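Asker: Right, I'll just put the structure down here and ask away after.
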Amino acid sequence: MSGAGSGRWELGDVRAKAANYKYAAISALTVVALLVLWAIVTSVFSISHLVLPSPRVMLEEITNLLRIGYSGKALHVHVIASLLRSLTGLIAGIVLAVPVGLLMGYSRTFNAVLLPIFGFFRPIPPIAFIPLMILWFGIGELGKVLLIFAASFNYTVLNSAAGMRSVPEQLIRAGINLGLTRRQLFLSVMLPAAMPHIFTGIKISTAVSWAIVVAAELIAGQEGLGFIIMDAGTFFRIADVFLGIIIVGAIGVSLEIMISSLERRVLHWQAK
Amino acid sequence: MTEVSKAFGSPARGNREIVALDRVSLAMSDQEIVCLVGPSGCGKTTLLNIIAGFEFPSAGRVTVDGAEVRGAGPDRMVVFQSPALFPWMTVVENVTFGLRKRGVGPSQYLPEAARYVHAVGLDGFGDHYPYQLSGGMKQRVQIARALVNRPEVLLMDEPFVALDFQTRVSMQELLLRIWYEFHPTILFITHDVEEAVFLADRVYVMTKRPGRIKEEVFVAFPKPRTVDVVTTSEFVAIKDRVLHLIREEMLGGPGIEVVDAGEQRHEPA
């Protein structure tokens, strides 16, 4: 992990990897078992495709979707539409929230000014604002992206502030002792020390932003995965409803895995 | 060369002012190892924090080389009790952090780092991160990080207290070897009397709160010392004297009988 292999840790690494493969195999078995169960249930009880489509029907439908798309647009157009909304809001939220949060953690006055705002909004489910967003910004992109931005911002800002406040006093003193300027202390000691909390905020924001984009598209949209799910439901294209849900889930899991691997890379110095 | 003198009372808690240190004066000369011992709560750490510049005296002043201390700085490097290493930096990055931030170039700081990493016995661990190091190794990194800045005085705040006995003894010997190699001036705080007498040229014994210097005890053994010295009768005599002074403080003054867990009991003089 840390470029220079040290001998001491390698044996442990090998063992840990072997164990990881074992548990990954167990998880894969769960997935296979569920698929089999699904196939058996749909064929044995001959459940209507309008209630629970069989895996075979789903397979047919996904080739359909891939070939002709949905509602006049290719499937990847819908996927990209959802991802773009979500990531635009998410990245903008994080980029703005980290510095504001760090300042809140750094200055109690700054914190006192802003905490009532962010503290109040935190427990409100962001989707509660969807109707307002439609009212103010219409059913276009702006409202959805703004909502995702606001939610990501809120989760990241509070975690960044908490991260800043949790920087051990000893580390700050060590930095001062070494003759660091205030700016150096902030950027080279406090910021990296706050990174674990910041990452927690980023992870929550990523999950939340993906959930919001789908919810927002369910209510108002002409493209996107949420739109497919809602539209297909309206027209009893139940296989498409399920496919939409599965794609949303798969992308959500992928995002989570990507963030986690980024976290492991950036925060490799944290004791495991 | 190093001339640290004196300090103050501590800020109010509630309405009552607590005097943590009461007109403490101490002086150190160049290349000297001075240990400060005293009952817990006597203000040893407060004193160190004031010399380091983390806290400010309410009266009195601290001078290093004639210049008054106005804040923390690398001329007074602290080795903290808990290993305050930056966990996202490797050993070498930790050691060179101060130099790098002051604009020293790699051609200068890399050989310096190698020198002090070697001196603390961590050759081959330069690329390790703190989480990969034992407690004793972390304290070695702290010592290297302090020395690389060539401080006027090295301030050590009970640096070995959290280590197991074996490691503690080997760290004490290491510190003396390092002293022999670089001759740093060291102010060492501890509540371990044996550690103090083993390391010090001079031991200051403090009173309980409000902390004052109760007495100054000279330890004349030549350096470098090895652990063998602790069994000599001279060593035991000095240790007993310091123990006796501290016990006097803990018992709260003459005439009070306190029977503790059957350890050697010193009657107040």
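The chains in the structure tokens are called A, B, ... from first to last as shown; in each chain the residues are counted from 1, and the ligands are counted from 1 in the order shown.
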Enumerate as a ChimeraX atom specification all residues of stretch 36-75 of chain B assigned to helix (DSSP H, G or I) by DSSP on the backbone, naming them with the chain letters and numbers the document uses.

Answerer: /B:44-52

Asker: Give me, as a PyMOL selection string, the residues of chain B touching chain A, with the criterion being at most 12 Å (counting only C-alpha atoms).

Answerer: chain B and resi 49+51-55+71-91+93-103+124-133+142+145-151+154-155

Asker: Find the residues near B:Glu194: any atom within 10 Å, counting only C-alpha atoms, skip ones fewer than 5 places away on the same chain, and give them as a list in words.

Answerer: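 Residues near the query, excluding close chain neighbours: Leu199, Val230, Phe235, Val236, Ile238, Lys239, Asp240, Val242 and Leu243 of chain B.
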
Asker: Between B:Met156, B:Ala200, B:Val161, B:Val120, which residue has the minimum interatomic distance to B:Val141, considering only C-alpha atoms?

Answerer: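 Closest to B:Val141, using only C-alpha atoms: B:Val120.
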
Asker: Which polymer residues have any atom within 10 Å of an atom of stretch 158-160 of chain A, counting only C-alpha atoms, with same-chain residues fewer than 5 positions away left out, as a ChimeraX atom specification?

Answerer: /A:94,97-105,111,115,118-119,122,153,165-166,191,194-202,204

Asker: Between A:Gln222, A:Ser54, A:Ser261, A:Ser209, single out the one closest to A:Gly140, counting only C-alpha atoms.

Answerer: A:Gln222

Asker: Do a neighbour search on stretch 36-50 of chain A at 12 Å with only C-alpha atoms, toss out local chain neighbours closer than 3 positions, and write the hits as a PyMOL selection string.

Answerer: chain A and resi 29-33+53-59+61+232-233+235-242

Asker: Among stretch 89-191 of chain B, which residues carry a DSSP assignment of strand (DSSP E or B), reported as a PyMOL selection string?

Answerer: chain B and resi 153-157+186-189

Asker: Have a look at B:Arg225, B:Arg61, B:His191, B:Arg212 and name the one nearest to B:Ser170; count only C-alpha atoms.

Answerer: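 Smallest separation from B:Ser170 among the options: B:Arg225.
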
Asker: Find the residue from B:Phe188, B:Phe182, B:Tyr109, B:Phe221 that sits nearest to B:Asp201; use only C-alpha atoms when measuring.

Answerer: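 The shortest atom-to-atom distance to B:Asp201 comes from B:Phe221.
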
Asker: Please determine, counting only C-alpha atoms, which residue among A:Leu243, A:Ala25, A:Ile139, A:Ile80 has the shortest atom-to-atom distance to A:Ala220.

Answerer: A:Ile139

Asker: Which of these, B:Tyr116, B:Ile178, B:Arg23, B:Leu36, has the shortest distance to B:Gly60 once you count only C-alpha atoms?

Answerer: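 Distance minimum relative to B:Gly60 lands on B:Arg23.
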
Asker: Would you pick out the contacts of stretch 212-218 of chain A at 6 Å or less, using only C-alpha atoms, so that residues sharing its chain but fewer than 6 positions from it are not included, and give the list as a PyMOL selection string?

Answerer: chain A and resi 86+226-227+230

Asker: Take the residues from that selection and put them in a file with N, CA, C and O atoms, as an mmCIF file, in the first residue's frame.

Answerer:
```
data_model
loop_
_atom_site.group_PDB
_atom_site.id
_atom_site.type_symbol
_atom_site.label_atom_id
_atom_site.label_comp_id
_atom_site.auth_asym_id
_atom_site.auth_seq_id
_atom_site.Cartn_x
_atom_site.Cartn_y
_atom_site.Cartn_z
ATOM 1 N N SER A 86 -26.958 14.829 -11.137
ATOM 2 C CA SER A 86 -26.533 14.472 -9.801
ATOM 3 C C SER A 86 -25.108 14.941 -9.528
ATOM 4 O O SER A 86 -24.830 15.573 -8.511
ATOM 5 N N GLY A 226 -35.281 8.237 -13.243
ATOM 6 C CA GLY A 226 -36.510 8.463 -12.477
ATOM 7 C C GLY A 226 -37.703 8.595 -13.415
ATOM 8 O O GLY A 226 -38.779 8.047 -13.166
ATOM 9 N N PHE A 227 -37.474 9.313 -14.516
ATOM 10 C CA PHE A 227 -38.543 9.479 -15.510
ATOM 11 C C PHE A 227 -38.967 8.129 -16.073
ATOM 12 O O PHE A 227 -40.150 7.838 -16.213
ATOM 13 N N MET A 230 -41.126 6.208 -13.537
ATOM 14 C CA MET A 230 -42.464 6.783 -13.382
ATOM 15 C C MET A 230 -43.311 6.557 -14.631
ATOM 16 O O MET A 230 -44.457 6.110 -14.556
#
```
